[in-house]
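Engineer: My questions will all concern the structure given below.
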Amino acid sequence: MSSDTNTDTGNGDLDVVTLDLHDESEDTRARVRGWVEAVHRSFHEQTPSEEHLEKWLGVQRGEGAVLRGIWEQPDLPLAGPIPVATFGYFDKHLNTGASMLLVRMVTDVTVSPTHRRRGLMRRLMTEHLDEAARDGLAVAVLTASEGSIYQRFGFGVATSEQSVRIDTSAKFRLRRPVDDGGRVVLVEASSGWDSMRTAYGRFHEATRGSLERPGYYETWLRGYDWEDQSENRAQRIAVRLDADGQPDGFVVWAVKEVDDAYEVGVRDLIGVTPQARLALWQFVADIDLAEVAVANTPNLDPLPLALVDHRVVRVRQRPDHVWVRVLDVPAALAARPWFADDVLVVRVRDPLRHADGLFTVGVADGRADVTAAEDTVADVELDVETLGALYLGGVRVQGLVDAGRVTGSPDALERFAAMADGGPMPRCATHF
Ligand SMILES: CC(C)(COP(=O)(O)OP(=O)(O)OC[C@H]1O[C@@H](n2cnc3c(N)ncnc32)[C@H](O)[C@@H]1OP(=O)(O)O)[C@@H](O)C(=O)NCCC(=O)NCCS
């Protein structure tokens with residue numbers, strides 16, 4: 001445990017502490033337990049059991065995660081080991097569509113209802129972004145429980161999900177059966193992990209927008225339910241093998257009874273190729289006694305276009321998923337794909353300064369050379385949140401121009417769109 005600083009928010013002194021997860025002292029153990037309880041309480045999850053805490057700690061240590069919290073001074077009446085604010089992060093690779101970029105993944109941002117709106121989150125976030133920039137990270141990412149918090153810190157919505165309900169009755173028919181020589185095999189949680197890891201690794205390599213999965217995925221896919229803090233006995237797994245017998249996908253699901261009927265809840269569906277994904281959706285539709293499947297999925301493609309009756313799929317919501325924050329413009333832009341050779345001067349506005357400035361973006365053969373520019377006029381202007389939204393290609397330049405978020409002359413905007421837009425839509429299947 002290291003006490004980083006004292007902070008006075010006008011509500012008495014508070015300690016900002018970064019936890020040492022290898023420190024077995026009673027005080028640190030109590031604070032670690034308190035930190036996890038604070039997160040569980042904020043997200044309305046059960047108080048962690050000792051066994052749960054051990055599993056969770058093992059994963060966090062394995063990730064090299066940094067966990068920070070703000071505690072009240074211990075001499076205050078009823079002050080205990082549960083912090084009033086939490087903040088965590090670890091580093092993993094993001095597939096930008098052109099390279100694997102190590103990014104900072106921010107997680108477990110909470111502030112106790114007793115200490116809301118006093119600037120604690122702002123303090124943790126701004127200091128953290130300074131630290132990430134100092135550590136040389138070009139990009140930070142997070143997922144958000146609400147839609148209007150993180151723009152002010154320069155994060156933009158870069159990928160989204162779809163919450164879908166699929167009619168898996170006889171109406172579910174593919175125009176052409178999948179015939180690529182692959183097969184789907186039911187496996188047990190105790191034996192399926194190696195295949196799932198291989199399939200996910202292939203998916204991550206092949207998929208723009210994919211984030212490397214943290215270690216808690218392994219614990220979960222081996223059969224531990226993080227939410228219920230118990231062995232997961234309802235969850236089932238099928239692995240898809242390609243024509244060479246190599247894993248190229250899997251689906252994880254649980255069936256539950258809703259209104260006297262069975263519903264297949266798809267919890268994870270990964271397919272490296274369109275054929276693998278179609279084969280897995282066909283498999284879900286073939287599960288007996290259930291005529292409905294529900295899922296949160298990064299992208300349904302190519303299912304709707306492959307069905308005889310596209311109305312079989314109903315999209316209920318399109319929630320945002322990964323928010324991207326560019327910290328180092330030259331490094332971040334050099335790591336993503338580009339689609340037309342040209343040179344433009346781009347002005348990025350960033351109230352927190354990390355990405356602020358004028359940049360010459362020169363594209364040749366799909367890659368950009370980006371340098372800070374001075375004494376020149378910008379061709380195109382945008383703020384850092386918009387740059388984050390554009391980063392993975394999930395929104396196109398024209399849409400942001402129409403919304404007034406990218407400005408410039410019509411000619412410059414057209415050239416910028418030709419340079420920046422293209423390639424597949426991003427697809428991220430990692431939750432954190
Ligand atoms: C969201 C949460 C972390 C905010 O913490 P906080 O300490 O109250 O936030 P701050 O006082 O530092 O506010 C920082 C800024 O964010 C804004 N903000 C805070 N919570 C907000 C919300 N829920 N919606 C919109 N804006 C919000 C504040 O108005 C403030 O804006 P400003 O600095 O530009 O004036 C806290 O409310 C919380 O723990 N919520 C439950 C858990 C959660 O949703 N976590 C986020 C998951 S990723």
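Chain labels run A, B, ... following the order of the structure tokens; each chain numbers its residues from 1, and ligands are numbered from 1 in the order shown.
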Running DSSP on the backbone, which parts of stretch 80-185 of chain A land in strand (DSSP E or B), as a PyMOL selection string?
Structural biologist: chain A and resi 85-95+100-111+139-142+156-157+160+162-167+174+183-185
Engineer: Could the residues that lie within 9 Å of ligand 1, counting only C-alpha atoms and all ligand atoms, be listed as a short mmCIF file (atom, residue, chain, number, x, y, z; two decimals) with all heavy atoms, in the first residue's frame?
Structural biologist:
data_model
loop_
_atom_site.label_atom_id
_atom_site.label_comp_id
_atom_site.auth_asym_id
_atom_site.auth_seq_id
_atom_site.Cartn_x
_atom_site.Cartn_y
_atom_site.Cartn_z
N VAL A 39 -16.63 -1.27 -5.00
CA VAL A 39 -16.99 -1.45 -6.41
C VAL A 39 -18.28 -2.27 -6.51
O VAL A 39 -19.21 -1.91 -7.25
CB VAL A 39 -15.84 -2.14 -7.18
CG1 VAL A 39 -16.27 -2.49 -8.60
CG2 VAL A 39 -14.60 -1.24 -7.21
N SER A 42 -21.27 -0.18 -5.59
CA SER A 42 -21.64 0.81 -6.61
C SER A 42 -22.36 0.19 -7.79
O SER A 42 -23.25 0.80 -8.38
CB SER A 42 -20.41 1.54 -7.12
OG SER A 42 -20.00 2.48 -6.19
N PHE A 43 -21.94 -1.04 -8.15
CA PHE A 43 -22.58 -1.68 -9.30
C PHE A 43 -23.66 -2.67 -8.87
O PHE A 43 -24.08 -3.52 -9.66
CB PHE A 43 -21.51 -2.33 -10.20
CG PHE A 43 -20.64 -1.29 -10.87
CD1 PHE A 43 -19.28 -1.19 -10.55
CD2 PHE A 43 -21.16 -0.39 -11.78
CE1 PHE A 43 -18.48 -0.22 -11.14
CE2 PHE A 43 -20.36 0.59 -12.37
CZ PHE A 43 -19.02 0.67 -12.05
N ALA A 85 -13.93 6.35 -2.96
CA ALA A 85 -13.81 6.39 -4.42
C ALA A 85 -12.82 5.29 -4.86
O ALA A 85 -11.88 4.98 -4.13
CB ALA A 85 -13.31 7.75 -4.89
N THR A 86 -13.08 4.70 -6.02
CA THR A 86 -12.18 3.66 -6.55
C THR A 86 -11.85 3.97 -8.00
O THR A 86 -12.63 4.62 -8.70
CB THR A 86 -12.83 2.26 -6.50
OG1 THR A 86 -13.97 2.26 -7.37
CG2 THR A 86 -13.24 1.87 -5.09
N PHE A 87 -10.72 3.43 -8.43
CA PHE A 87 -10.26 3.65 -9.80
C PHE A 87 -9.24 2.54 -10.11
O PHE A 87 -8.37 2.29 -9.28
CB PHE A 87 -9.57 5.01 -9.89
CG PHE A 87 -9.36 5.51 -11.28
CD1 PHE A 87 -10.24 6.44 -11.82
CD2 PHE A 87 -8.30 5.06 -12.05
CE1 PHE A 87 -10.05 6.91 -13.11
CE2 PHE A 87 -8.12 5.53 -13.33
CZ PHE A 87 -8.99 6.45 -13.87
N VAL A 106 -9.18 1.49 -18.46
CA VAL A 106 -9.64 2.07 -17.20
C VAL A 106 -10.89 1.32 -16.74
O VAL A 106 -11.78 1.04 -17.54
CB VAL A 106 -9.98 3.56 -17.40
CG1 VAL A 106 -10.54 4.17 -16.12
CG2 VAL A 106 -8.77 4.32 -17.87
N THR A 107 -10.96 1.03 -15.46
CA THR A 107 -12.10 0.25 -14.99
C THR A 107 -12.44 0.58 -13.54
O THR A 107 -11.65 1.24 -12.85
CB THR A 107 -11.77 -1.27 -15.17
OG1 THR A 107 -12.90 -2.03 -14.76
CG2 THR A 107 -10.57 -1.69 -14.37
N ASP A 108 -13.59 0.13 -13.09
CA ASP A 108 -14.00 0.25 -11.69
C ASP A 108 -13.93 1.68 -11.16
O ASP A 108 -13.42 1.93 -10.06
CB ASP A 108 -13.14 -0.69 -10.81
CG ASP A 108 -13.38 -2.16 -11.13
OD1 ASP A 108 -14.51 -2.47 -11.56
OD2 ASP A 108 -12.47 -2.98 -10.95
N VAL A 109 -14.45 2.61 -11.95
CA VAL A 109 -14.51 4.01 -11.52
C VAL A 109 -15.79 4.19 -10.69
O VAL A 109 -16.90 4.10 -11.23
CB VAL A 109 -14.55 4.96 -12.74
CG1 VAL A 109 -14.61 6.41 -12.28
CG2 VAL A 109 -13.36 4.72 -13.64
N THR A 110 -15.65 4.39 -9.42
CA THR A 110 -16.84 4.59 -8.58
C THR A 110 -16.57 5.67 -7.53
O THR A 110 -15.43 5.86 -7.10
CB THR A 110 -17.26 3.31 -7.82
OG1 THR A 110 -16.35 3.07 -6.75
CG2 THR A 110 -17.32 2.09 -8.73
N VAL A 111 -17.64 6.34 -7.14
CA VAL A 111 -17.57 7.29 -6.03
C VAL A 111 -18.79 7.01 -5.15
O VAL A 111 -19.91 6.84 -5.66
CB VAL A 111 -17.56 8.75 -6.54
CG1 VAL A 111 -17.69 9.74 -5.38
CG2 VAL A 111 -16.28 9.02 -7.31
N SER A 112 -18.58 6.96 -3.85
CA SER A 112 -19.68 6.65 -2.92
C SER A 112 -20.75 7.73 -2.99
O SER A 112 -20.44 8.92 -3.16
CB SER A 112 -19.09 6.57 -1.51
OG SER A 112 -20.11 6.76 -0.57
N PRO A 113 -22.03 7.33 -2.81
CA PRO A 113 -23.10 8.34 -2.82
C PRO A 113 -22.87 9.42 -1.77
O PRO A 113 -23.37 10.54 -1.91
CB PRO A 113 -24.36 7.54 -2.48
CG PRO A 113 -24.02 6.12 -2.74
CD PRO A 113 -22.53 5.97 -2.64
N HIS A 115 -20.15 10.94 -1.26
CA HIS A 115 -19.10 11.86 -1.71
C HIS A 115 -19.24 12.28 -3.17
O HIS A 115 -18.27 12.73 -3.78
CB HIS A 115 -17.72 11.23 -1.47
CG HIS A 115 -17.33 11.24 -0.03
ND1 HIS A 115 -17.94 10.41 0.89
CD2 HIS A 115 -16.43 11.97 0.66
CE1 HIS A 115 -17.41 10.63 2.09
NE2 HIS A 115 -16.49 11.58 1.97
N ARG A 116 -20.46 12.12 -3.71
CA ARG A 116 -20.67 12.47 -5.11
C ARG A 116 -20.53 13.96 -5.37
O ARG A 116 -20.80 14.77 -4.50
CB ARG A 116 -22.11 12.07 -5.53
CG ARG A 116 -22.36 10.59 -5.59
CD ARG A 116 -22.20 10.04 -6.98
NE ARG A 116 -21.97 8.60 -6.89
CZ ARG A 116 -22.93 7.69 -6.89
NH1 ARG A 116 -24.18 8.06 -6.97
NH2 ARG A 116 -22.64 6.42 -6.81
N ARG A 117 -20.18 14.25 -6.63
CA ARG A 117 -20.16 15.62 -7.16
C ARG A 117 -19.31 16.57 -6.33
O ARG A 117 -19.67 17.72 -6.11
CB ARG A 117 -21.59 16.20 -7.29
CG ARG A 117 -22.56 15.33 -8.05
CD ARG A 117 -22.17 15.15 -9.51
NE ARG A 117 -23.20 14.38 -10.19
CZ ARG A 117 -23.18 13.04 -10.28
NH1 ARG A 117 -22.17 12.37 -9.77
NH2 ARG A 117 -24.14 12.43 -10.91
N ARG A 118 -18.21 16.04 -5.85
CA ARG A 118 -17.27 16.92 -5.15
C ARG A 118 -15.92 16.90 -5.85
O ARG A 118 -14.91 17.28 -5.27
CB ARG A 118 -17.08 16.46 -3.71
CG ARG A 118 -18.36 16.46 -2.93
CD ARG A 118 -18.12 15.99 -1.52
NE ARG A 118 -19.37 15.63 -0.88
CZ ARG A 118 -19.47 15.17 0.35
NH1 ARG A 118 -18.37 15.00 1.08
NH2 ARG A 118 -20.62 14.86 0.86
N GLY A 119 -15.91 16.34 -7.05
CA GLY A 119 -14.68 16.39 -7.83
C GLY A 119 -13.73 15.21 -7.62
O GLY A 119 -12.60 15.23 -8.11
N LEU A 120 -14.17 14.15 -6.91
CA LEU A 120 -13.25 13.04 -6.67
C LEU A 120 -12.94 12.28 -7.95
O LEU A 120 -11.79 11.95 -8.24
CB LEU A 120 -13.81 12.07 -5.62
CG LEU A 120 -14.00 12.63 -4.20
CD1 LEU A 120 -14.28 11.51 -3.21
CD2 LEU A 120 -12.77 13.41 -3.75
N MET A 121 -13.98 12.00 -8.73
CA MET A 121 -13.73 11.28 -9.98
C MET A 121 -12.90 12.14 -10.93
O MET A 121 -11.95 11.66 -11.55
CB MET A 121 -15.06 10.89 -10.63
CG MET A 121 -14.92 9.97 -11.80
SD MET A 121 -14.89 10.83 -13.35
CE MET A 121 -16.62 11.14 -13.61
N ARG A 122 -13.21 13.42 -11.00
CA ARG A 122 -12.42 14.31 -11.87
C ARG A 122 -10.95 14.25 -11.48
O ARG A 122 -10.07 14.15 -12.32
CB ARG A 122 -12.95 15.75 -11.81
CG ARG A 122 -12.03 16.74 -12.52
CD ARG A 122 -12.66 18.10 -12.70
NE ARG A 122 -13.60 18.13 -13.80
CZ ARG A 122 -13.26 18.24 -15.08
NH1 ARG A 122 -11.99 18.34 -15.42
NH2 ARG A 122 -14.18 18.27 -16.02
N ARG A 123 -10.70 14.28 -10.19
CA ARG A 123 -9.31 14.26 -9.75
C ARG A 123 -8.64 12.94 -10.15
O ARG A 123 -7.54 12.93 -10.70
CB ARG A 123 -9.26 14.44 -8.23
CG ARG A 123 -7.85 14.26 -7.79
CD ARG A 123 -7.60 14.45 -6.36
NE ARG A 123 -6.20 14.05 -6.16
CZ ARG A 123 -5.54 14.21 -5.07
NH1 ARG A 123 -6.11 14.78 -4.05
NH2 ARG A 123 -4.29 13.81 -4.97
N LEU A 124 -9.31 11.81 -9.84
CA LEU A 124 -8.70 10.52 -10.17
C LEU A 124 -8.48 10.39 -11.68
O LEU A 124 -7.45 9.88 -12.13
CB LEU A 124 -9.58 9.38 -9.65
CG LEU A 124 -9.56 9.18 -8.14
CD1 LEU A 124 -10.67 8.22 -7.69
CD2 LEU A 124 -8.20 8.64 -7.68
N MET A 125 -9.47 10.83 -12.45
CA MET A 125 -9.36 10.66 -13.91
C MET A 125 -8.27 11.56 -14.51
O MET A 125 -7.45 11.10 -15.32
CB MET A 125 -10.72 10.98 -14.56
CG MET A 125 -10.75 10.76 -16.05
SD MET A 125 -10.42 9.03 -16.51
CE MET A 125 -12.05 8.32 -16.29
N LEU A 142 -12.17 2.97 -22.04
CA LEU A 142 -13.04 2.56 -20.93
C LEU A 142 -14.41 2.22 -21.48
O LEU A 142 -14.71 2.46 -22.66
CB LEU A 142 -13.12 3.65 -19.85
CG LEU A 142 -13.51 5.09 -20.19
CD1 LEU A 142 -14.97 5.23 -20.61
CD2 LEU A 142 -13.29 5.99 -18.97
N THR A 143 -15.24 1.63 -20.63
CA THR A 143 -16.66 1.45 -20.94
C THR A 143 -17.42 2.23 -19.88
O THR A 143 -16.94 2.39 -18.76
CB THR A 143 -17.08 -0.03 -20.95
OG1 THR A 143 -16.84 -0.58 -19.65
CG2 THR A 143 -16.30 -0.82 -21.98
N ALA A 144 -18.61 2.70 -20.21
CA ALA A 144 -19.31 3.63 -19.32
C ALA A 144 -20.69 3.12 -18.97
O ALA A 144 -21.37 2.52 -19.80
CB ALA A 144 -19.42 4.99 -20.00
N SER A 145 -21.10 3.39 -17.74
CA SER A 145 -22.46 2.99 -17.36
C SER A 145 -23.47 4.08 -17.71
O SER A 145 -24.67 3.84 -17.71
CB SER A 145 -22.51 2.69 -15.86
OG SER A 145 -22.11 3.84 -15.16
N GLU A 146 -22.99 5.29 -17.99
CA GLU A 146 -23.89 6.36 -18.41
C GLU A 146 -23.26 7.10 -19.59
O GLU A 146 -22.03 7.09 -19.76
CB GLU A 146 -24.12 7.35 -17.26
CG GLU A 146 -24.95 6.75 -16.13
CD GLU A 146 -25.16 7.77 -15.01
OE1 GLU A 146 -25.87 8.76 -15.25
OE2 GLU A 146 -24.60 7.56 -13.93
N GLY A 147 -24.11 7.76 -20.38
CA GLY A 147 -23.65 8.29 -21.66
C GLY A 147 -23.06 9.69 -21.65
O GLY A 147 -22.57 10.16 -22.68
N SER A 148 -23.11 10.39 -20.51
CA SER A 148 -22.69 11.80 -20.59
C SER A 148 -21.60 12.16 -19.59
O SER A 148 -21.49 13.32 -19.20
CB SER A 148 -23.91 12.71 -20.39
OG SER A 148 -24.47 12.45 -19.11
N ILE A 149 -20.83 11.17 -19.16
CA ILE A 149 -19.81 11.46 -18.14
C ILE A 149 -18.44 11.73 -18.77
O ILE A 149 -17.75 12.69 -18.44
CB ILE A 149 -19.66 10.29 -17.14
CG1 ILE A 149 -21.02 9.95 -16.51
CG2 ILE A 149 -18.64 10.64 -16.06
CD1 ILE A 149 -20.98 8.76 -15.55
N TYR A 150 -18.02 10.86 -19.71
CA TYR A 150 -16.59 10.81 -20.05
C TYR A 150 -16.14 11.66 -21.23
O TYR A 150 -14.95 11.77 -21.49
CB TYR A 150 -16.18 9.34 -20.24
CG TYR A 150 -16.30 8.60 -18.91
CD1 TYR A 150 -17.29 7.67 -18.69
CD2 TYR A 150 -15.44 8.90 -17.86
CE1 TYR A 150 -17.42 7.04 -17.46
CE2 TYR A 150 -15.57 8.29 -16.63
CZ TYR A 150 -16.55 7.36 -16.44
OH TYR A 150 -16.68 6.76 -15.22
N ARG A 152 -16.15 14.78 -21.28
CA ARG A 152 -15.41 15.93 -20.73
C ARG A 152 -13.95 15.58 -20.48
O ARG A 152 -13.12 16.46 -20.30
CB ARG A 152 -16.07 16.45 -19.46
CG ARG A 152 -16.20 15.41 -18.39
CD ARG A 152 -16.75 15.95 -17.09
NE ARG A 152 -17.99 16.67 -17.13
CZ ARG A 152 -19.19 16.18 -17.37
NH1 ARG A 152 -19.33 14.88 -17.64
NH2 ARG A 152 -20.26 16.92 -17.36
N PHE A 153 -13.63 14.30 -20.46
CA PHE A 153 -12.23 13.89 -20.28
C PHE A 153 -11.60 13.46 -21.62
O PHE A 153 -10.52 12.87 -21.63
CB PHE A 153 -12.14 12.77 -19.26
CG PHE A 153 -12.69 13.17 -17.91
CD1 PHE A 153 -13.87 12.63 -17.43
CD2 PHE A 153 -12.04 14.14 -17.15
CE1 PHE A 153 -14.39 13.02 -16.20
CE2 PHE A 153 -12.56 14.55 -15.92
CZ PHE A 153 -13.73 13.99 -15.45
#
Engineer: I'd like to know which residues of stretch 54-263 of chain A are alpha helix (DSSP H) (by DSSP, run on the backbone); could you write them as a ChimeraX atom specification?
Structural biologist: /A:54-63,120-134,189-206,216-221
Engineer: Any chance you can output those residues with N, CA and C atoms as a compact mmCIF listing (two decimals), in the first residue's frame?
Structural biologist:
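Saved as out.txt:
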# COMPACT_ATOMS: atom_id res chain seq x y z
N GLU A 54 -10.28 -13.98 -3.16
CA GLU A 54 -9.02 -14.65 -3.52
C GLU A 54 -8.91 -14.83 -5.03
N LYS A 55 -10.00 -15.30 -5.63
CA LYS A 55 -10.00 -15.50 -7.10
C LYS A 55 -9.74 -14.17 -7.79
N TRP A 56 -10.45 -13.16 -7.34
CA TRP A 56 -10.36 -11.84 -7.96
C TRP A 56 -8.94 -11.28 -7.83
N LEU A 57 -8.36 -11.45 -6.61
CA LEU A 57 -7.00 -10.95 -6.38
C LEU A 57 -5.99 -11.65 -7.28
N GLY A 58 -6.18 -12.96 -7.43
CA GLY A 58 -5.27 -13.73 -8.31
C GLY A 58 -5.28 -13.16 -9.72
N VAL A 59 -6.46 -12.84 -10.20
CA VAL A 59 -6.58 -12.29 -11.56
C VAL A 59 -5.92 -10.91 -11.63
N GLN A 60 -6.20 -10.06 -10.66
CA GLN A 60 -5.66 -8.69 -10.70
C GLN A 60 -4.13 -8.70 -10.62
N ARG A 61 -3.62 -9.59 -9.77
CA ARG A 61 -2.15 -9.68 -9.69
C ARG A 61 -1.58 -10.11 -11.03
N GLY A 62 -2.23 -11.09 -11.63
CA GLY A 62 -1.77 -11.61 -12.93
C GLY A 62 -1.76 -10.53 -13.99
N GLU A 63 -2.69 -9.61 -13.92
CA GLU A 63 -2.78 -8.53 -14.92
C GLU A 63 -1.79 -7.42 -14.65
N LEU A 120 -14.17 14.15 -6.91
CA LEU A 120 -13.25 13.04 -6.67
C LEU A 120 -12.94 12.28 -7.95
N MET A 121 -13.98 12.00 -8.73
CA MET A 121 -13.73 11.28 -9.98
C MET A 121 -12.90 12.14 -10.93
N ARG A 122 -13.21 13.42 -11.00
CA ARG A 122 -12.42 14.31 -11.87
C ARG A 122 -10.95 14.25 -11.48
N ARG A 123 -10.70 14.28 -10.19
CA ARG A 123 -9.31 14.26 -9.75
C ARG A 123 -8.64 12.94 -10.15
N LEU A 124 -9.31 11.81 -9.84
CA LEU A 124 -8.70 10.52 -10.17
C LEU A 124 -8.48 10.39 -11.68
N MET A 125 -9.47 10.83 -12.45
CA MET A 125 -9.36 10.66 -13.91
C MET A 125 -8.27 11.56 -14.51
N THR A 126 -8.23 12.81 -14.10
CA THR A 126 -7.23 13.70 -14.73
C THR A 126 -5.82 13.28 -14.32
N GLU A 127 -5.66 12.91 -13.05
CA GLU A 127 -4.32 12.46 -12.63
C GLU A 127 -3.93 11.17 -13.35
N HIS A 128 -4.94 10.32 -13.53
CA HIS A 128 -4.65 9.06 -14.21
C HIS A 128 -4.26 9.28 -15.67
N LEU A 129 -4.94 10.20 -16.34
CA LEU A 129 -4.59 10.45 -17.75
C LEU A 129 -3.18 11.04 -17.85
N ASP A 130 -2.82 11.90 -16.89
CA ASP A 130 -1.45 12.42 -16.86
C ASP A 130 -0.46 11.26 -16.73
N GLU A 131 -0.79 10.34 -15.82
CA GLU A 131 0.10 9.20 -15.57
C GLU A 131 0.21 8.30 -16.81
N ALA A 132 -0.94 8.04 -17.45
CA ALA A 132 -0.92 7.19 -18.65
C ALA A 132 -0.05 7.83 -19.73
N ALA A 133 -0.17 9.15 -19.88
CA ALA A 133 0.65 9.85 -20.89
C ALA A 133 2.13 9.75 -20.51
N ARG A 134 2.42 9.94 -19.23
CA ARG A 134 3.83 9.83 -18.78
C ARG A 134 4.36 8.42 -19.03
N ALA A 189 -17.18 -27.11 -19.58
CA ALA A 189 -16.37 -25.95 -19.17
C ALA A 189 -14.97 -26.41 -18.74
N SER A 190 -14.89 -27.58 -18.11
CA SER A 190 -13.61 -28.05 -17.59
C SER A 190 -12.62 -28.38 -18.71
N SER A 191 -13.12 -28.65 -19.92
CA SER A 191 -12.19 -29.07 -20.98
C SER A 191 -12.15 -28.12 -22.18
N GLY A 192 -13.01 -27.10 -22.18
CA GLY A 192 -13.13 -26.28 -23.39
C GLY A 192 -12.18 -25.10 -23.46
N TRP A 193 -11.53 -24.76 -22.33
CA TRP A 193 -10.80 -23.50 -22.28
C TRP A 193 -9.73 -23.36 -23.36
N ASP A 194 -8.92 -24.40 -23.58
CA ASP A 194 -7.82 -24.28 -24.55
C ASP A 194 -8.36 -23.93 -25.95
N SER A 195 -9.46 -24.59 -26.32
CA SER A 195 -10.05 -24.30 -27.64
C SER A 195 -10.58 -22.88 -27.70
N MET A 196 -11.21 -22.45 -26.60
CA MET A 196 -11.77 -21.09 -26.60
C MET A 196 -10.66 -20.05 -26.65
N ARG A 197 -9.57 -20.34 -25.94
CA ARG A 197 -8.45 -19.39 -25.96
C ARG A 197 -7.88 -19.29 -27.38
N THR A 198 -7.73 -20.43 -28.04
CA THR A 198 -7.21 -20.41 -29.41
C THR A 198 -8.14 -19.64 -30.34
N ALA A 199 -9.43 -19.92 -30.22
CA ALA A 199 -10.40 -19.24 -31.11
C ALA A 199 -10.39 -17.74 -30.84
N TYR A 200 -10.35 -17.36 -29.55
CA TYR A 200 -10.37 -15.93 -29.25
C TYR A 200 -9.09 -15.26 -29.76
N GLY A 201 -7.95 -15.95 -29.62
CA GLY A 201 -6.68 -15.40 -30.11
C GLY A 201 -6.76 -15.14 -31.61
N ARG A 202 -7.35 -16.07 -32.35
CA ARG A 202 -7.47 -15.88 -33.80
C ARG A 202 -8.41 -14.72 -34.12
N PHE A 203 -9.51 -14.64 -33.37
CA PHE A 203 -10.48 -13.55 -33.55
C PHE A 203 -9.80 -12.20 -33.28
N HIS A 204 -9.05 -12.13 -32.19
CA HIS A 204 -8.40 -10.87 -31.81
C HIS A 204 -7.41 -10.41 -32.89
N GLU A 205 -6.64 -11.37 -33.42
CA GLU A 205 -5.67 -11.04 -34.48
C GLU A 205 -6.38 -10.52 -35.72
N ALA A 206 -7.59 -11.04 -35.98
CA ALA A 206 -8.24 -10.76 -37.26
C ALA A 206 -9.23 -9.60 -37.20
N TYR A 216 -9.90 -12.52 -16.09
CA TYR A 216 -11.16 -13.00 -15.50
C TYR A 216 -12.03 -13.74 -16.51
N TYR A 217 -11.72 -13.57 -17.81
CA TYR A 217 -12.46 -14.35 -18.81
C TYR A 217 -12.15 -15.84 -18.67
N GLU A 218 -10.87 -16.14 -18.41
CA GLU A 218 -10.51 -17.56 -18.26
C GLU A 218 -11.26 -18.17 -17.07
N THR A 219 -11.25 -17.47 -15.93
CA THR A 219 -11.93 -17.98 -14.74
C THR A 219 -13.41 -18.22 -15.05
N TRP A 220 -14.00 -17.27 -15.75
CA TRP A 220 -15.43 -17.36 -16.10
C TRP A 220 -15.69 -18.53 -17.06
N LEU A 221 -14.87 -18.62 -18.12
CA LEU A 221 -15.11 -19.66 -19.13
C LEU A 221 -14.72 -21.05 -18.62
Engineer: Write out as CSV the residues of stretch 270-302 of chain A that have any atom within 8 Å of an atom of stretch 163-177 of chain A, one row each with the nearest atom pair and its distance in Å to one decimal, counting only C-alpha atoms, sorted by chain and then rising number.
Structural biologist:
residue,atom,partner,partner_atom,distance
A:Gln282,CA,A:Leu174,CA,7.9
A:Val284,CA,A:Thr168,CA,7.7
A:Ala285,CA,A:Thr168,CA,4.6
A:Asp286,CA,A:Thr168,CA,7.5
A:Ala290,CA,A:Thr168,CA,7.4
A:Glu291,CA,A:Thr168,CA,4.6
A:Val292,CA,A:Asp167,CA,4.8
A:Ala293,CA,A:Ile166,CA,5.1
A:Val294,CA,A:Arg165,CA,4.5
A:Ala295,CA,A:Val164,CA,5.4
A:Asn296,CA,A:Ser163,CA,4.4
A:Thr297,CA,A:Ser163,CA,6.4
Engineer: Would you mind listing what lies within 10 Å of stretch 103-105 of chain A as number ranges by chain, with only C-alpha atoms counted and same-chain residues fewer than 2 positions away left out?
Structural biologist: A: 65, 88-95, 100-101, 107, 129, 132-133, 135-143, 211-212, 214, 322, 324-326, 332, 432
Engineer: Which residues are near stretch 333-345 of chain A? Cut-off 7 Å, only C-alpha atoms, ignore same chain within fewer than 3 positions. Put them as a list in words.
Structural biologist: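 The residues that qualify are Thr96, Gly97, Ala98, Ser99, Leu101, Val329, Pro330, Leu358, Phe359, Thr360, Val361, Gly362, Val363, Ala364, Asp365, Gly366, Arg367, Ala368, Asp369, Val370, Ala378, Asp379, Val380, Ala418, Met419, Ala420, Asp421 and Gly422 of chain A.
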Engineer: Mind checking which residues fall within 8 Å of A:Gln235, counting only C-alpha atoms, ignoring those fewer than 3 positions away in the same chain, and posting them as a list of chain:residue names?
Structural biologist: A:Gly223, A:Asn232, A:Val252, A:Trp253, A:Ala254, A:Val255
Engineer: For A:Gln73, find every residue with an atom within 6 Å (counting only C-alpha atoms), except residues of its own chain fewer than 2 positions away, and show them as a list in words.
Structural biologist: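 That gives Leu14, Asp75 and Leu76 of chain A.
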Engineer: Identify, on the basis of only C-alpha atoms, every residue whose closest approach to A:Glu161 does not exceed 6 Å; exclude the query and any residue fewer than 2 positions from it along the same chain; express the result as a PyMOL selection string.
Structural biologist: chain A and resi 297-298+318-319
Engineer: If you measure from atom CA of A:Asp27 to atom CA of A:Asp225, what distance in Å do you get, rounded to one decimal?
Structural biologist: 28.3 Å
Engineer: Would you work out the distance separating atom CA of A:Leu387 from atom CA of A:Phe416, expressed in Å to one decimal?
Structural biologist: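 These two atoms are separated by 12.3 Å.
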Engineer: A:Val84, A:Ala279, A:Ile237, A:Leu53: which is nearest A:Glu188, counting only C-alpha atoms?
Structural biologist: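 Closest to A:Glu188 of all the choices is A:Ile237.
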Engineer: Could you tell me which of A:Glu72, A:Glu24, A:Asp228, A:Asp180 comes closest to A:His52 if we count only C-alpha atoms?
Structural biologist: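 Nearest candidate to A:His52 out of A:Glu72, A:Glu24, A:Asp228, A:Asp180: A:Asp228.
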Engineer: For A:His40, which residue among A:Ile82, A:Ala276, A:Ala389, A:Leu327 is the nearest when counting only C-alpha atoms?
Structural biologist: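 That would be A:Ile82, the residue with the smallest distance to A:His40.
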